[in-house]
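Each remark here refers to the structure printed beneath this line.
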Amino acid sequence: MLADVSALLACPQCGDGLDLVDRTLLCPRGHSFDVARQGYVTLLTGAATKFTGDSPEMIADRCEFLDAGHFDALMAAVADAVVQSTPDDVDPRILEVGAGTGHYLARVLDAAPSAQGIGLDVSKPAARRLARSHPRAAAVVADVWRQLPVRDGVLTHVLSIFAPRNAAEIDRVLADDGTLVVLTPTDRHLHELVDLLGMVRVDDRKVERLGETMAGRFDRVHRAPVEITMSLSHRDVDHLVGMGPSARHLPPDRRAEAIGALPEPFPVTASVVVSTYRRASTSR
């Protein structure tokens, strides 16, 4: 898949375009980046990133939970947002930042048969899973808070699903009529588990801060709330806790004891908003 999207990528050292030769991405100035045997490429250079990517255990838990279909309604809403914002004569070129396991990107690519996709994540375990998430998904290791290894104005869509957003860089890589699709949790998301298990809370100002970061660069054109009640087994809850940031804060023994005390099955709310943004006419 990297061969198909190499024209969209940029050298992280000089910003020039990249070509795939054998199993190496090369730029005209001689910078080279080898494709790992698992199919992903690392376009992260310079000082080590200060962010900790998801661990192999977190990626495994996320795969188990998402493969079981619990968040299918959320994925469908993201795919609908992309399809509805794509003109009939356009082949989408999509980047997902913080793409994790690639489940959302894969759902979008299934809904848009002519689309090309790039999944970007700082975690190598995530990139390994991303590389096999879909035949039209390329996997790239990079830091969303640095310059994205993507050429200026070449993308039709950027996706940010439960992920950080570098608004300036997203603005740079999107075409003039490009679309940003953002999925953010509400304060009701997983609320049944937050207090019981001491999980990380959704920031009460999250929606407000999202608007602040988008201001001047993007205008919101659509908002779709999605709320469902999931019926989860103890195993499902364990995967749900283990796949997110709470996994770093809950000792395994406390997590197992707390989950074991829950009724089974246990009802848990998934509550998010899928927002669609267009680039503001004044952003360039």
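All residue names refer to the structure tokens as shown: chains lettered A, B, ... in order, residues numbered from 1 in each chain, ligands numbered from 1 in order.
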* Within 9 Å of Ala36 in chain A using only C-alpha atoms, minus same-chain residues under 5 positions, as an MDAnalysis selection string -> chainID A and resid 23 41:42 128
* Rank A:Met214, A:Leu196, A:Met1, A:Leu130 by their smallest atom-to-atom distance to Asn166 in chain A, using only C-alpha atoms, and report the top residue only. =>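 Under the stated criterion, the closest residue is A:Met214.
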* From range 136-226 of chain A, collect each residue whose DSSP state is strand (DSSP E) and return the set as a VMD selection string. => chain A and resid 137 to 141 155 to 161 174 to 185 218 to 226
Output file for the selection above: N, CA and C atoms, as an mmCIF file, in the first residue's frame:
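Resulting contents of result_19.cif:
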```cif
data_model
loop_
_atom_site.group_PDB
_atom_site.id
_atom_site.type_symbol
_atom_site.label_atom_id
_atom_site.label_comp_id
_atom_site.auth_asym_id
_atom_site.auth_seq_id
_atom_site.Cartn_x
_atom_site.Cartn_y
_atom_site.Cartn_z
ATOM 1 N N ALA A 137 -4.800 0.552 3.172
ATOM 2 C CA ALA A 137 -4.327 1.392 4.277
ATOM 3 C C ALA A 137 -2.818 1.248 4.427
ATOM 4 N N ALA A 138 -2.107 2.367 4.367
ATOM 5 C CA ALA A 138 -0.668 2.389 4.606
ATOM 6 C C ALA A 138 -0.417 2.816 6.046
ATOM 7 N N ALA A 139 0.623 2.256 6.662
ATOM 8 C CA ALA A 139 0.916 2.512 8.073
ATOM 9 C C ALA A 139 2.210 3.301 8.208
ATOM 10 N N VAL A 140 2.141 4.416 8.955
ATOM 11 C CA VAL A 140 3.290 5.303 9.141
ATOM 12 C C VAL A 140 3.453 5.610 10.625
ATOM 13 N N VAL A 141 4.689 5.481 11.119
ATOM 14 C CA VAL A 141 5.005 5.899 12.484
ATOM 15 C C VAL A 141 5.486 7.345 12.435
ATOM 16 N N LEU A 155 -4.577 16.074 0.666
ATOM 17 C CA LEU A 155 -5.578 15.183 1.251
ATOM 18 C C LEU A 155 -6.983 15.746 1.107
ATOM 19 N N THR A 156 -7.930 14.856 0.893
ATOM 20 C CA THR A 156 -9.331 15.267 0.898
ATOM 21 C C THR A 156 -9.917 15.201 2.295
ATOM 22 N N HIS A 157 -9.393 14.294 3.151
ATOM 23 C CA HIS A 157 -9.948 14.110 4.493
ATOM 24 C C HIS A 157 -8.845 13.821 5.499
ATOM 25 N N VAL A 158 -9.026 14.334 6.694
ATOM 26 C CA VAL A 158 -8.237 13.919 7.851
ATOM 27 C C VAL A 158 -9.219 13.461 8.925
ATOM 28 N N LEU A 159 -8.918 12.336 9.555
ATOM 29 C CA LEU A 159 -9.740 11.798 10.641
ATOM 30 C C LEU A 159 -8.985 11.909 11.955
ATOM 31 N N SER A 160 -9.688 12.314 13.003
ATOM 32 C CA SER A 160 -9.138 12.337 14.353
ATOM 33 C C SER A 160 -10.154 11.673 15.270
ATOM 34 N N ILE A 161 -9.871 10.428 15.661
ATOM 35 C CA ILE A 161 -10.818 9.613 16.429
ATOM 36 C C ILE A 161 -10.238 9.385 17.825
ATOM 37 N N LEU A 174 -4.416 19.425 4.160
ATOM 38 C CA LEU A 174 -5.709 19.300 3.495
ATOM 39 C C LEU A 174 -5.770 20.182 2.251
ATOM 40 N N ALA A 175 -6.454 19.677 1.225
ATOM 41 C CA ALA A 175 -6.745 20.482 0.039
ATOM 42 C C ALA A 175 -7.695 21.619 0.414
ATOM 43 N N ASP A 176 -7.837 22.590 -0.495
ATOM 44 C CA ASP A 176 -8.663 23.765 -0.200
ATOM 45 C C ASP A 176 -10.088 23.383 0.188
ATOM 46 N N ASP A 177 -10.628 22.346 -0.444
ATOM 47 C CA ASP A 177 -11.986 21.914 -0.123
ATOM 48 C C ASP A 177 -11.978 20.687 0.783
ATOM 49 N N GLY A 178 -10.880 20.497 1.527
ATOM 50 C CA GLY A 178 -10.739 19.312 2.367
ATOM 51 C C GLY A 178 -11.631 19.333 3.589
ATOM 52 N N THR A 179 -11.777 18.136 4.174
ATOM 53 C CA THR A 179 -12.697 17.920 5.289
ATOM 54 C C THR A 179 -11.960 17.266 6.456
ATOM 55 N N LEU A 180 -12.238 17.771 7.644
ATOM 56 C CA LEU A 180 -11.734 17.170 8.880
ATOM 57 C C LEU A 180 -12.904 16.533 9.612
ATOM 58 N N VAL A 181 -12.755 15.250 9.977
ATOM 59 C CA VAL A 181 -13.790 14.535 10.737
ATOM 60 C C VAL A 181 -13.215 14.196 12.105
ATOM 61 N N VAL A 182 -13.886 14.671 13.154
ATOM 62 C CA VAL A 182 -13.398 14.512 14.521
ATOM 63 C C VAL A 182 -14.440 13.772 15.354
ATOM 64 N N LEU A 183 -14.009 12.722 16.044
ATOM 65 C CA LEU A 183 -14.870 12.033 17.002
ATOM 66 C C LEU A 183 -14.356 12.329 18.403
ATOM 67 N N THR A 184 -15.219 12.929 19.227
ATOM 68 C CA THR A 184 -14.851 13.254 20.605
ATOM 69 C C THR A 184 -15.872 12.645 21.560
ATOM 70 N N PRO A 185 -15.425 12.196 22.737
ATOM 71 C CA PRO A 185 -16.364 11.666 23.724
ATOM 72 C C PRO A 185 -17.102 12.785 24.444
ATOM 73 N N PHE A 218 -10.834 26.153 10.716
ATOM 74 C CA PHE A 218 -11.900 25.250 10.286
ATOM 75 C C PHE A 218 -13.247 25.762 10.772
ATOM 76 N N ASP A 219 -14.270 25.529 9.959
ATOM 77 C CA ASP A 219 -15.648 25.820 10.322
ATOM 78 C C ASP A 219 -16.412 24.509 10.418
ATOM 79 N N ARG A 220 -17.131 24.324 11.523
ATOM 80 C CA ARG A 220 -17.921 23.089 11.641
ATOM 81 C C ARG A 220 -19.168 23.190 10.781
ATOM 82 N N VAL A 221 -19.393 22.160 9.969
ATOM 83 C CA VAL A 221 -20.540 22.167 9.064
ATOM 84 C C VAL A 221 -21.570 21.101 9.416
ATOM 85 N N HIS A 222 -21.201 20.166 10.292
ATOM 86 C CA HIS A 222 -22.160 19.131 10.684
ATOM 87 C C HIS A 222 -21.754 18.553 12.027
ATOM 88 N N ARG A 223 -22.745 18.173 12.817
ATOM 89 C CA ARG A 223 -22.517 17.579 14.137
ATOM 90 C C ARG A 223 -23.482 16.424 14.304
ATOM 91 N N ALA A 224 -22.966 15.225 14.618
ATOM 92 C CA ALA A 224 -23.811 14.036 14.752
ATOM 93 C C ALA A 224 -23.538 13.359 16.090
ATOM 94 N N PRO A 225 -24.429 13.525 17.083
ATOM 95 C CA PRO A 225 -24.269 12.800 18.339
ATOM 96 C C PRO A 225 -24.565 11.314 18.138
ATOM 97 N N VAL A 226 -23.806 10.472 18.801
ATOM 98 C CA VAL A 226 -24.034 9.024 18.759
ATOM 99 C C VAL A 226 -23.978 8.517 20.196
#
```
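Nearest to Val154 in chain A of all the residues A:Asp19, A:Asp171, A:Asp34, A:Asp187 is A:Asp171, based on only C-alpha atoms.
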* Quick one: pull the distance between CA of Asp16 in chain A and CA of Leu2 in chain A, Å, one decimal. =>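 Value for the CA of Asp16 in chain A-CA of Leu2 in chain A distance: 16.4 Å.
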With a distance cut-off of 7 Å and only C-alpha atoms, select the neighbouring residues of range 73-90 of chain A, excluding the residue or stretch itself and same-chain residues fewer than 4 positions from it, and output the selection as a CSV table (one decimal) with all heavy atoms, in the first residue's frame.
```csv
chain,number,residue,atom,x,y,z
A,104,TYR,N,-11.1,2.2,12.5
A,104,TYR,CA,-12.0,3.2,11.9
A,104,TYR,C,-11.6,3.5,10.5
A,104,TYR,O,-12.5,3.7,9.6
A,104,TYR,CB,-11.9,4.5,12.8
A,104,TYR,CG,-12.6,4.4,14.1
A,104,TYR,CD1,-12.0,3.8,15.2
A,104,TYR,CD2,-13.9,4.9,14.3
A,104,TYR,CE1,-12.6,3.7,16.4
A,104,TYR,CE2,-14.6,4.8,15.5
A,104,TYR,CZ,-13.9,4.2,16.6
A,104,TYR,OH,-14.5,4.1,17.8
A,107,ARG,N,-13.0,0.9,8.2
A,107,ARG,CA,-14.4,1.0,8.0
A,107,ARG,C,-14.7,2.1,7.0
A,107,ARG,O,-15.5,1.9,6.1
A,107,ARG,CB,-15.1,1.3,9.3
A,107,ARG,CG,-16.6,1.5,9.2
A,107,ARG,CD,-17.3,0.2,8.8
A,107,ARG,NE,-17.2,-0.8,9.8
A,107,ARG,CZ,-18.0,-1.0,10.8
A,107,ARG,NH1,-19.1,-0.3,10.9
A,107,ARG,NH2,-17.8,-2.0,11.7
A,108,VAL,N,-13.9,3.2,7.0
A,108,VAL,CA,-14.1,4.3,6.1
A,108,VAL,C,-13.7,3.8,4.7
A,108,VAL,O,-14.4,4.0,3.7
A,108,VAL,CB,-13.2,5.5,6.5
A,108,VAL,CG1,-13.2,6.5,5.3
A,108,VAL,CG2,-13.8,6.1,7.7
A,111,ALA,N,-16.3,1.8,3.1
A,111,ALA,CA,-17.4,2.6,2.6
A,111,ALA,C,-17.1,3.4,1.4
A,111,ALA,O,-18.0,3.9,0.7
A,111,ALA,CB,-17.9,3.5,3.7
A,112,ALA,N,-15.8,3.6,1.1
A,112,ALA,CA,-15.4,4.4,0.0
A,112,ALA,C,-14.4,3.6,-0.8
A,112,ALA,O,-13.2,3.7,-0.7
A,112,ALA,CB,-14.7,5.7,0.5
A,226,VAL,N,-23.8,10.5,18.8
A,226,VAL,CA,-24.0,9.0,18.8
A,226,VAL,C,-24.0,8.5,20.2
A,226,VAL,O,-23.0,8.7,20.9
A,226,VAL,CB,-23.0,8.3,17.9
A,226,VAL,CG1,-23.3,6.8,17.9
A,226,VAL,CG2,-22.9,8.9,16.5
A,274,VAL,N,-19.6,13.1,16.5
A,274,VAL,CA,-18.9,13.1,15.3
A,274,VAL,C,-19.1,14.5,14.6
A,274,VAL,O,-20.2,14.8,14.1
A,274,VAL,CB,-19.2,12.0,14.3
A,274,VAL,CG1,-18.4,12.0,13.0
A,274,VAL,CG2,-19.0,10.6,15.0
A,276,THR,N,-18.0,17.3,11.6
A,276,THR,CA,-17.4,17.5,10.3
A,276,THR,C,-17.0,19.0,10.1
A,276,THR,O,-17.9,19.8,10.4
A,276,THR,CB,-18.3,17.1,9.2
A,276,THR,OG1,-18.7,15.7,9.4
A,276,THR,CG2,-17.7,17.2,7.8
```
* To do: Tell me which of A:Val97, A:Leu109, A:Ala68, A:Leu232 sits closest to Pro265 in chain A, counting only C-alpha atoms.
  =>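 Going through A:Val97, A:Leu109, A:Ala68, A:Leu232 one by one, the smallest distance to Pro265 in chain A is for A:Leu232.
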* Closest to Ile228 in chain A among A:Ala280, A:Val144, A:Ala270, A:Ala167, using only C-alpha atoms? ->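 Among the listed residues, the smallest separation from Ile228 in chain A belongs to A:Ala270.
The interatomic distance for the pair CA of Gly102 in chain A and CA of Met58 in chain A works out to 13.6 Å.
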